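A.B. asks: Here it is, the structure in full.
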Amino acid sequence: MVYDKLPEQLAAQITYITADSRQVRPGTFFVCKGEAFKKEYLLSAEKKGAVAYLSENIYEDVNIPCILAEDVRKASSLAAQDFYGYPAREMKVVGITGTKGKTTVANILKQIFDLATPRRTALFSTGRVDTVNAEYETHLTTPEPIELQAYFAEAKEAGCEQVVMEVSSQAMKMSRVYGVCFDYGIFLNVGEDHIGGKEHPTLEDYVECKTSFMSQCKVAIINRHTNFYEKAVDKAKLGGAKIIEFGYDEDCDVTICITSADNRGMRFELQYKGFLYSFETNLIGAFNVENLTAAIIVALESGVSVGTVAEAVKQIFIPGRMLVIPVEDFHVVVDYAHNHLSFLKLYEAVRETFKPRKIHSVFGCPGERSQVRRRDMGMLADKFADEIYLTADDPGYEAVEDICAQIGSYIHKEYKVIPDRELAVRTALEAAEAGDVVILGGKGAEVTQRIGGGYEPYISDELAVRRWMGEKA
């Protein structure tokens with residue numbers, strides 16, 4: 001049994017649902033889940049007024065009813081949907097997965113929908129949830145199921161017609177979207193990331209979680225050129241989805257042709273349902289044309305006019321994603337790139353677009369995350385960057401110097417370790433000369449650093465650049 005609806009008499013008593021014993025109040029349905037769960041949390045919940053609990057085990061000395069489930073994570077997702085009245089069913093829900101590009105596509109699609117129908121689109125994205133009536137800072141790409149359903153309910157109450165959200169591999173692994181049906185699902189790419197530690201034990205597990213999302217979608221929009229393309233298609237077929245493939249091949253359902261590109265943006269064409277449509281954007285990098293294409297397909301399939309889509313694409317702005325800042329006679333690129341695939345595409349885009357004299361690369365790696373990233377990002381910097389500055393990027397409980405030393409073990413040229421991130425940014429800017437590009441990777445538009453078990457303020461890479469520019473003016 002995954003989850004059965006609550007008995008009517010018990011359901012009538014429930015006014016709240018949570019998995020956090022600190023949030024329990026009278027009338028709470030308490031969910032017993034999490035690696036750190038202890039019986040003491042349930043006893044505390046009962047004392048505070050919980051009227052029932054959801055668990056894989058019945059606990060002695062607890063005098064409130066237990067709803068038993070074989071898999072409490074799946075059950076908690078279903079219970080949360082039940083409690084909030086299945087709000088996602090009353091809106092169009094678009095989910096996006098991929099090793100890189102999720103946040104970019106989510107923001108692009110929201111901006112297109114906002115131009116077509118203002119204040120009718122909610123966004124659940126990395127670092128930010130926007131339910132139209134309120135915005136929240138988040139630290140998970142995809143919220144935990146109870147929190148997620150609360151956001152769905154708030155978006156519905158705000159009058160939203162659609163929700164655009166990122167779906168991470170961890171969300172699939174932890175059943176955060178279990179039981180949620182997606183009207184459209186976008187599959188961008190898969191690279192080797194999130195392997196080890198508290199994430200995925202193997203690449204196979206990571207790929208399985210990524211591709212399994214396609215089985216929950218009515219329409220699956222898949223990048224023909226992704227790794228594990230066939231597996232993504234198979235999962236979509238398993239769920240009975242309509243499949244739309246996009247890419248550069250002429251036999252794709254939607255064929256891409258980039259017609260021009262420079263440091264001011266790109267022009268491209270899409271062959272779609274027998275017609276050729278032209279678009280221009282201020283984004284740079286071929287990978288961003290793929291991101292734009294995925295979003296455009298959803299918009300057109302949803303009935304947004306081509307004219308509205310083209311106008312939105314022309315003025316797209318993505319905070320912290322390929323943000324280009326001209327600085328006198330060189331350029332700075334701020335990007336959220338934080339794994340092999342995203343950094344590879346970033347370096348390639350910078351080389352192709354700017355043809356720089358030198359590339360100065362400023363980055364670090366998060367603590368308690370995949371060790372593969374440290375290897376990959378070190379090797380990529382060694383290959384593509386001329387000047388390398390290793391620094392802090394959400395070190396958590398690890399020492400920044402230790403993380404940098406591990407990255408540096410894969411670098412065979414000279415590099416600098418500067419633990420203070422703003423100082424590292426300023427050092428790279430001071431060293432840059434005419435024709436150079438300074439890449440600030442990893443943090444994007446983030447304004448916090450994860451240090452220890454909490455988050456401390458950080459001015460953001462963009463502001464660090466603009467502060468330095470102001471001092472030089």
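By convention here, the chains of the structure tokens are called A, B, ... in the order presented, each chain's residues are numbered starting at 1, and ligands are numbered starting at 1 in the order presented.
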Using only C-alpha atoms, which protein or nucleic acid residues come within 9 Å of Asp461 of chain A? Drop anything in the same chain fewer than 2 positions from it, and give the result as a VMD selection string.
C.D. replies: chain A and resid 320 334 421 to 422 425 440 to 441 443 to 447 458 to 459 463 to 466
A.B. asks: Using N, CA and C atoms, can you export the residues from the last selection as a CSV table (one decimal), in the first residue's frame?
C.D. replies:
```csv
chain,number,residue,atom,x,y,z
A,320,GLY,N,22.0,35.7,-13.9
A,320,GLY,CA,23.1,34.8,-13.6
A,320,GLY,C,23.4,33.8,-14.6
A,334,VAL,N,29.2,36.1,-16.4
A,334,VAL,CA,28.8,35.5,-15.1
A,334,VAL,C,27.8,34.3,-15.4
A,421,ARG,N,35.8,34.9,-2.1
A,421,ARG,CA,35.3,34.9,-3.5
A,421,ARG,C,35.4,36.3,-4.1
A,422,GLU,N,34.9,37.3,-3.3
A,422,GLU,CA,35.0,38.7,-3.9
A,422,GLU,C,36.4,39.1,-4.2
A,425,VAL,N,37.4,37.4,-7.5
A,425,VAL,CA,36.8,38.1,-8.6
A,425,VAL,C,37.7,39.4,-8.9
A,440,LEU,N,33.2,34.0,-14.5
A,440,LEU,CA,32.9,33.8,-13.1
A,440,LEU,C,31.8,32.7,-13.0
A,441,GLY,N,32.3,31.5,-12.6
A,441,GLY,CA,31.4,30.3,-12.7
A,441,GLY,C,30.9,29.8,-11.4
A,443,LYS,N,28.2,30.5,-9.2
A,443,LYS,CA,27.3,31.2,-8.3
A,443,LYS,C,26.1,31.9,-9.0
A,444,GLY,N,26.4,32.3,-10.3
A,444,GLY,CA,25.3,32.9,-11.0
A,444,GLY,C,24.8,34.2,-10.3
A,445,ALA,N,23.5,34.2,-10.0
A,445,ALA,CA,22.9,35.4,-9.4
A,445,ALA,C,22.8,35.2,-7.9
A,446,GLU,N,23.3,34.1,-7.3
A,446,GLU,CA,23.1,33.8,-5.9
A,446,GLU,C,23.7,34.9,-5.0
A,447,VAL,N,23.1,35.1,-3.9
A,447,VAL,CA,23.5,36.2,-3.0
A,447,VAL,C,23.8,35.6,-1.6
A,458,TYR,N,26.3,37.0,0.5
A,458,TYR,CA,27.3,37.2,-0.5
A,458,TYR,C,26.8,38.2,-1.5
A,459,ILE,N,27.6,39.2,-1.9
A,459,ILE,CA,27.1,40.3,-2.7
A,459,ILE,C,26.7,39.9,-4.1
A,463,LEU,N,27.5,42.0,-8.7
A,463,LEU,CA,27.7,43.2,-7.9
A,463,LEU,C,29.2,43.3,-7.6
A,464,ALA,N,29.9,42.2,-7.4
A,464,ALA,CA,31.3,42.3,-7.1
A,464,ALA,C,32.0,43.0,-8.3
A,465,VAL,N,31.6,42.6,-9.5
A,465,VAL,CA,32.2,43.2,-10.7
A,465,VAL,C,31.8,44.7,-10.8
A,466,ARG,N,30.6,45.0,-10.6
A,466,ARG,CA,30.1,46.4,-10.7
A,466,ARG,C,30.7,47.3,-9.6
```
A.B. asks: Give me, as a PyMOL selection string, all polymer residues having an atom no more than 10 Å from segment 7-20 of chain A, counting only C-alpha atoms and skipping those fewer than 4 positions away in the same chain.
C.D. replies: chain A and resi 24-34+37+41-42+45+50-54+65+67+76+79-80+83-84+144-147+150
A.B. asks: Those same residues, written as a PDB file, in the first residue's frame with C-alpha atoms?
C.D. replies:
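The file below, out.pdb, is the result:
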```pdb
ATOM      1  CA  VAL A  24       3.134  20.972  14.252  1.00  0.00           C
ATOM      2  CA  ARG A  25      -0.016  22.612  15.569  1.00  0.00           C
ATOM      3  CA  PRO A  26      -3.421  21.264  16.651  1.00  0.00           C
ATOM      4  CA  GLY A  27      -5.071  19.354  13.818  1.00  0.00           C
ATOM      5  CA  THR A  28      -1.816  18.312  12.091  1.00  0.00           C
ATOM      6  CA  PHE A  29      -1.348  15.193   9.978  1.00  0.00           C
ATOM      7  CA  PHE A  30       2.309  14.406  10.747  1.00  0.00           C
ATOM      8  CA  VAL A  31       4.542  12.642   8.201  1.00  0.00           C
ATOM      9  CA  CYS A  32       7.353  10.490   9.615  1.00  0.00           C
ATOM     10  CA  LYS A  33      10.088  10.599   7.005  1.00  0.00           C
ATOM     11  CA  GLY A  34      13.709  11.545   6.492  1.00  0.00           C
ATOM     12  CA  PHE A  37      13.778  10.881  11.732  1.00  0.00           C
ATOM     13  CA  TYR A  41       9.784  13.858  16.771  1.00  0.00           C
ATOM     14  CA  LEU A  42       6.515  11.930  16.583  1.00  0.00           C
ATOM     15  CA  ALA A  45       4.080  16.130  17.327  1.00  0.00           C
ATOM     16  CA  ALA A  50      -1.154  16.126  15.827  1.00  0.00           C
ATOM     17  CA  VAL A  51      -4.258  14.015  15.171  1.00  0.00           C
ATOM     18  CA  ALA A  52      -2.692  11.275  12.984  1.00  0.00           C
ATOM     19  CA  TYR A  53       0.614  10.246  11.478  1.00  0.00           C
ATOM     20  CA  LEU A  54       1.862   8.713   8.215  1.00  0.00           C
ATOM     21  CA  PRO A  65      -3.943   6.853  14.541  1.00  0.00           C
ATOM     22  CA  ILE A  67      -1.755   5.604   8.382  1.00  0.00           C
ATOM     23  CA  SER A  76       3.685  11.790   1.516  1.00  0.00           C
ATOM     24  CA  ALA A  79      -1.129  12.718   0.983  1.00  0.00           C
ATOM     25  CA  ALA A  80      -0.036  16.299   0.306  1.00  0.00           C
ATOM     26  CA  PHE A  83      -4.775  17.522   1.556  1.00  0.00           C
ATOM     27  CA  TYR A  84      -4.473  20.498  -0.826  1.00  0.00           C
ATOM     28  CA  GLU A 144       9.859  18.548  -0.930  1.00  0.00           C
ATOM     29  CA  PRO A 145       6.352  17.207  -1.710  1.00  0.00           C
ATOM     30  CA  ILE A 146       4.376  18.883   1.069  1.00  0.00           C
ATOM     31  CA  GLU A 147       5.983  22.260   0.359  1.00  0.00           C
ATOM     32  CA  ALA A 150       1.423  24.123  -0.893  1.00  0.00           C
TER      33      ALA A 150
END
```
A.B. asks: Which residue is closest to Leu341 of chain A? Choose from A:Gln315, A:Thr211, A:Asn189, A:Thr131 and count only C-alpha atoms.
C.D. replies: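 Closest to Leu341 of chain A, using only C-alpha atoms: A:Asn189.
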A.B. asks: Do you have the atom CA of Tyr136 of chain A-atom CA of Asp394 of chain A distance handy?
C.D. replies: 19.8 Å
A.B. asks: From a DSSP pass on the backbone, collect the residues of segment 176-311 of chain A flagged as alpha helix (DSSP H) and hand them back as a PyMOL selection string.
C.D. replies: chain A and resi 203-212+229-238+286-301+306-311
A.B. asks: Using only C-alpha atoms, tabulate the residues of segment 17-104 of chain A lying at most 12 Å from any atom of segment 217-225 of chain A, each with its closest atom pair and that distance in Å to one decimal, by chain and increasing residue number, as CSV.
C.D. replies:
```
residue,atom,partner,partner_atom,distance
A:Lys92,CA,A:Lys218,CA,10.9
A:Val93,CA,A:Cys217,CA,9.5
A:Val94,CA,A:Cys217,CA,8.8
A:Gly95,CA,A:Cys217,CA,8.3
A:Ile96,CA,A:Ile221,CA,9.4
A:Thr97,CA,A:Ile222,CA,10.0
A:Gly98,CA,A:Asn223,CA,10.0
A:Gly101,CA,A:Asn223,CA,11.8
```
A.B. asks: I want to know what sits within 9 Å of Thr259 of chain A, based on only C-alpha atoms, with residues of the same chain fewer than 2 positions away left out; could you give that as a list in words?
C.D. replies: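 My list of contacting residues is Cys257, Ala261, Met266, Arg267, Phe268 and Glu269 of chain A.
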A.B. asks: Considering only C-alpha atoms, state which residue in the set A:Ile411, A:Ala171, A:Ile243, A:Leu188 is at the smallest distance from Glu290 of chain A.
C.D. replies: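 Of A:Ile411, A:Ala171, A:Ile243, A:Leu188, the one nearest Glu290 of chain A, counting only C-alpha atoms, is A:Leu188.
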A.B. asks: Could you name the residues that touch Ala134 of chain A at 10 Å or less, counting only C-alpha atoms, but leaving out those on the same chain fewer than 2 positions away, as a PyMOL selection string?
C.D. replies: chain A and resi 122+129-132+136+151+154-155+158
A.B. asks: Can you pull out the residues contacting Phe354 of chain A? Cut-off 10 Å, using only C-alpha atoms, and skip same-chain residues under 2 positions away; I want them as a tab-separated table (two decimals) with C-alpha atoms, in the first residue's frame.
C.D. replies:
```tsv
chain	number	residue	atom	x	y	z
A	262	ASP	CA	28.21	37.26	-32.09
A	263	ASN	CA	28.71	38.78	-28.63
A	330	PHE	CA	37.48	43.15	-22.05
A	331	HIS	CA	34.36	41.19	-21.09
A	349	ALA	CA	30.58	29.50	-26.09
A	350	VAL	CA	33.14	32.02	-24.82
A	351	ARG	CA	35.77	30.81	-27.29
A	352	GLU	CA	33.34	30.83	-30.21
A	356	PRO	CA	39.47	35.91	-26.46
A	357	ARG	CA	43.17	36.64	-26.14
A	435	GLY	CA	40.62	41.24	-25.55
A	436	ASP	CA	40.38	38.94	-22.52
A	437	VAL	CA	37.30	37.30	-21.02
```
A.B. asks: Would you mind reading off the distance between atom CA of Phe124 of chain A and atom CA of Thr142 of chain A, one decimal, in Å?
C.D. replies: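 A separation of 7.3 Å between them.
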A.B. asks: Grab the atom CA of Thr293 of chain A to atom CA of Phe182 of chain A distance for me, in Å with one decimal place.
C.D. replies: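 Spanning atom CA of Thr293 of chain A to atom CA of Phe182 of chain A is a straight-line distance of 18.9 Å.
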A.B. asks: Per DSSP on the backbone, what are the strand (DSSP E) residues of segment 238-334 of chain A, as a count of residues only?
C.D. replies: 40
A.B. asks: Write out as a PDB file with N, CA and C atoms, in the first residue's frame which residues come within 9 Å of Ala295 of chain A when counting only C-alpha atoms, dropping same-chain ones fewer than 2 positions away.
C.D. replies:
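Saved file selection14.pdb follows:
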```pdb
ATOM      1  N   VAL A 105      15.680  27.421 -19.170  1.00  0.00           N
ATOM      2  CA  VAL A 105      14.447  27.113 -19.899  1.00  0.00           C
ATOM      3  C   VAL A 105      13.222  27.522 -19.090  1.00  0.00           C
ATOM      4  N   ALA A 106      13.254  27.267 -17.785  1.00  0.00           N
ATOM      5  CA  ALA A 106      12.118  27.635 -16.936  1.00  0.00           C
ATOM      6  C   ALA A 106      11.869  29.142 -16.993  1.00  0.00           C
ATOM      7  N   ILE A 108      12.898  31.262 -19.382  1.00  0.00           N
ATOM      8  CA  ILE A 108      12.488  31.639 -20.735  1.00  0.00           C
ATOM      9  C   ILE A 108      10.997  31.406 -20.915  1.00  0.00           C
ATOM     10  N   LEU A 109      10.542  30.219 -20.514  1.00  0.00           N
ATOM     11  CA  LEU A 109       9.139  29.870 -20.726  1.00  0.00           C
ATOM     12  C   LEU A 109       8.213  30.758 -19.903  1.00  0.00           C
ATOM     13  N   LYS A 110       8.622  31.067 -18.675  1.00  0.00           N
ATOM     14  CA  LYS A 110       7.787  31.970 -17.871  1.00  0.00           C
ATOM     15  C   LYS A 110       7.695  33.345 -18.524  1.00  0.00           C
ATOM     16  N   ILE A 112       7.916  34.054 -21.687  1.00  0.00           N
ATOM     17  CA  ILE A 112       7.030  33.962 -22.861  1.00  0.00           C
ATOM     18  C   ILE A 112       5.572  33.953 -22.418  1.00  0.00           C
ATOM     19  N   ILE A 186      10.087  18.452 -20.511  1.00  0.00           N
ATOM     20  CA  ILE A 186      11.233  18.759 -21.377  1.00  0.00           C
ATOM     21  C   ILE A 186      12.451  17.991 -20.882  1.00  0.00           C
ATOM     22  N   GLU A 290      19.266  25.783 -28.109  1.00  0.00           N
ATOM     23  CA  GLU A 290      18.549  24.550 -27.752  1.00  0.00           C
ATOM     24  C   GLU A 290      17.602  24.807 -26.586  1.00  0.00           C
ATOM     25  N   ASN A 291      18.050  25.578 -25.595  1.00  0.00           N
ATOM     26  CA  ASN A 291      17.177  25.923 -24.467  1.00  0.00           C
ATOM     27  C   ASN A 291      15.959  26.714 -24.944  1.00  0.00           C
ATOM     28  N   LEU A 292      16.219  27.694 -25.802  1.00  0.00           N
ATOM     29  CA  LEU A 292      15.132  28.507 -26.344  1.00  0.00           C
ATOM     30  C   LEU A 292      14.161  27.655 -27.150  1.00  0.00           C
ATOM     31  N   THR A 293      14.690  26.741 -27.937  1.00  0.00           N
ATOM     32  CA  THR A 293      13.842  25.891 -28.769  1.00  0.00           C
ATOM     33  C   THR A 293      12.890  25.055 -27.925  1.00  0.00           C
ATOM     34  N   ILE A 297       8.817  25.447 -28.220  1.00  0.00           N
ATOM     35  CA  ILE A 297       7.920  24.344 -28.574  1.00  0.00           C
ATOM     36  C   ILE A 297       6.741  24.280 -27.616  1.00  0.00           C
ATOM     37  N   VAL A 298       7.009  24.352 -26.305  1.00  0.00           N
ATOM     38  CA  VAL A 298       5.920  24.317 -25.318  1.00  0.00           C
ATOM     39  C   VAL A 298       4.961  25.474 -25.537  1.00  0.00           C
ATOM     40  N   ALA A 299       5.511  26.662 -25.760  1.00  0.00           N
ATOM     41  CA  ALA A 299       4.671  27.846 -25.951  1.00  0.00           C
ATOM     42  C   ALA A 299       3.771  27.701 -27.175  1.00  0.00           C
ATOM     43  N   LEU A 300       4.354  27.276 -28.298  1.00  0.00           N
ATOM     44  CA  LEU A 300       3.568  27.130 -29.523  1.00  0.00           C
ATOM     45  C   LEU A 300       2.539  26.015 -29.387  1.00  0.00           C
TER      46      LEU A 300
END
```
A.B. asks: With only C-alpha atoms as the counted atoms, please give the residues lying no more than 10 Å from Ile418 of chain A, apart from itself and same-chain residues fewer than 3 positions off, as a list in words.
C.D. replies: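 Near neighbours after the sequence-gap exclusion: Val362, Gly364, Tyr389, Leu390, Thr391, Ala392, Val400, Glu401, Cys404, Tyr415, Arg421, Glu422, Leu423, Ala424, Val425 and Thr427 of chain A.
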A.B. asks: Keeping only N, CA and C atoms, write the selected residues as a CSV table (one decimal), in the first residue's frame.
C.D. replies:
```csv
chain,number,residue,atom,x,y,z
A,362,VAL,N,37.3,32.0,-12.8
A,362,VAL,CA,37.2,32.0,-11.4
A,362,VAL,C,36.1,31.0,-11.0
A,364,GLY,N,34.9,27.5,-8.0
A,364,GLY,CA,35.2,26.6,-6.9
A,364,GLY,C,34.2,25.4,-7.1
A,389,TYR,N,41.7,30.9,-11.1
A,389,TYR,CA,41.6,31.4,-9.7
A,389,TYR,C,40.5,30.5,-9.0
A,390,LEU,N,41.0,29.7,-8.0
A,390,LEU,CA,40.1,28.8,-7.3
A,390,LEU,C,39.7,29.4,-6.0
A,391,THR,N,38.4,29.3,-5.7
A,391,THR,CA,37.8,30.1,-4.6
A,391,THR,C,36.6,29.4,-4.0
A,392,ALA,N,35.9,30.1,-3.2
A,392,ALA,CA,34.7,29.4,-2.4
A,392,ALA,C,33.5,29.4,-3.3
A,400,VAL,N,37.6,25.5,2.4
A,400,VAL,CA,37.7,26.0,1.0
A,400,VAL,C,39.1,25.5,0.4
A,401,GLU,N,40.1,25.7,1.2
A,401,GLU,CA,41.5,25.3,0.8
A,401,GLU,C,41.6,23.8,0.4
A,404,CYS,N,39.8,23.3,-3.0
A,404,CYS,CA,40.6,23.9,-4.0
A,404,CYS,C,41.8,23.0,-4.3
A,415,TYR,N,48.1,28.1,-11.0
A,415,TYR,CA,46.8,28.6,-10.6
A,415,TYR,C,46.9,29.2,-9.2
A,421,ARG,N,35.8,34.9,-2.1
A,421,ARG,CA,35.3,34.9,-3.5
A,421,ARG,C,35.4,36.3,-4.1
A,422,GLU,N,34.9,37.3,-3.3
A,422,GLU,CA,35.0,38.7,-3.9
A,422,GLU,C,36.4,39.1,-4.2
A,423,LEU,N,37.3,38.7,-3.4
A,423,LEU,CA,38.8,39.0,-3.6
A,423,LEU,C,39.3,38.3,-4.9
A,424,ALA,N,38.8,37.0,-5.0
A,424,ALA,CA,39.2,36.3,-6.2
A,424,ALA,C,38.7,36.9,-7.5
A,425,VAL,N,37.4,37.4,-7.5
A,425,VAL,CA,36.8,38.1,-8.6
A,425,VAL,C,37.7,39.4,-8.9
A,427,THR,N,40.7,40.1,-8.1
A,427,THR,CA,42.1,39.7,-8.6
A,427,THR,C,42.1,39.4,-10.1
```
A.B. asks: Given only C-alpha atoms as the basis, pick out the residue of A:His340, A:Lys242, A:His412, A:Arg450 nearest to Gly396 of chain A.
C.D. replies: A:Arg450
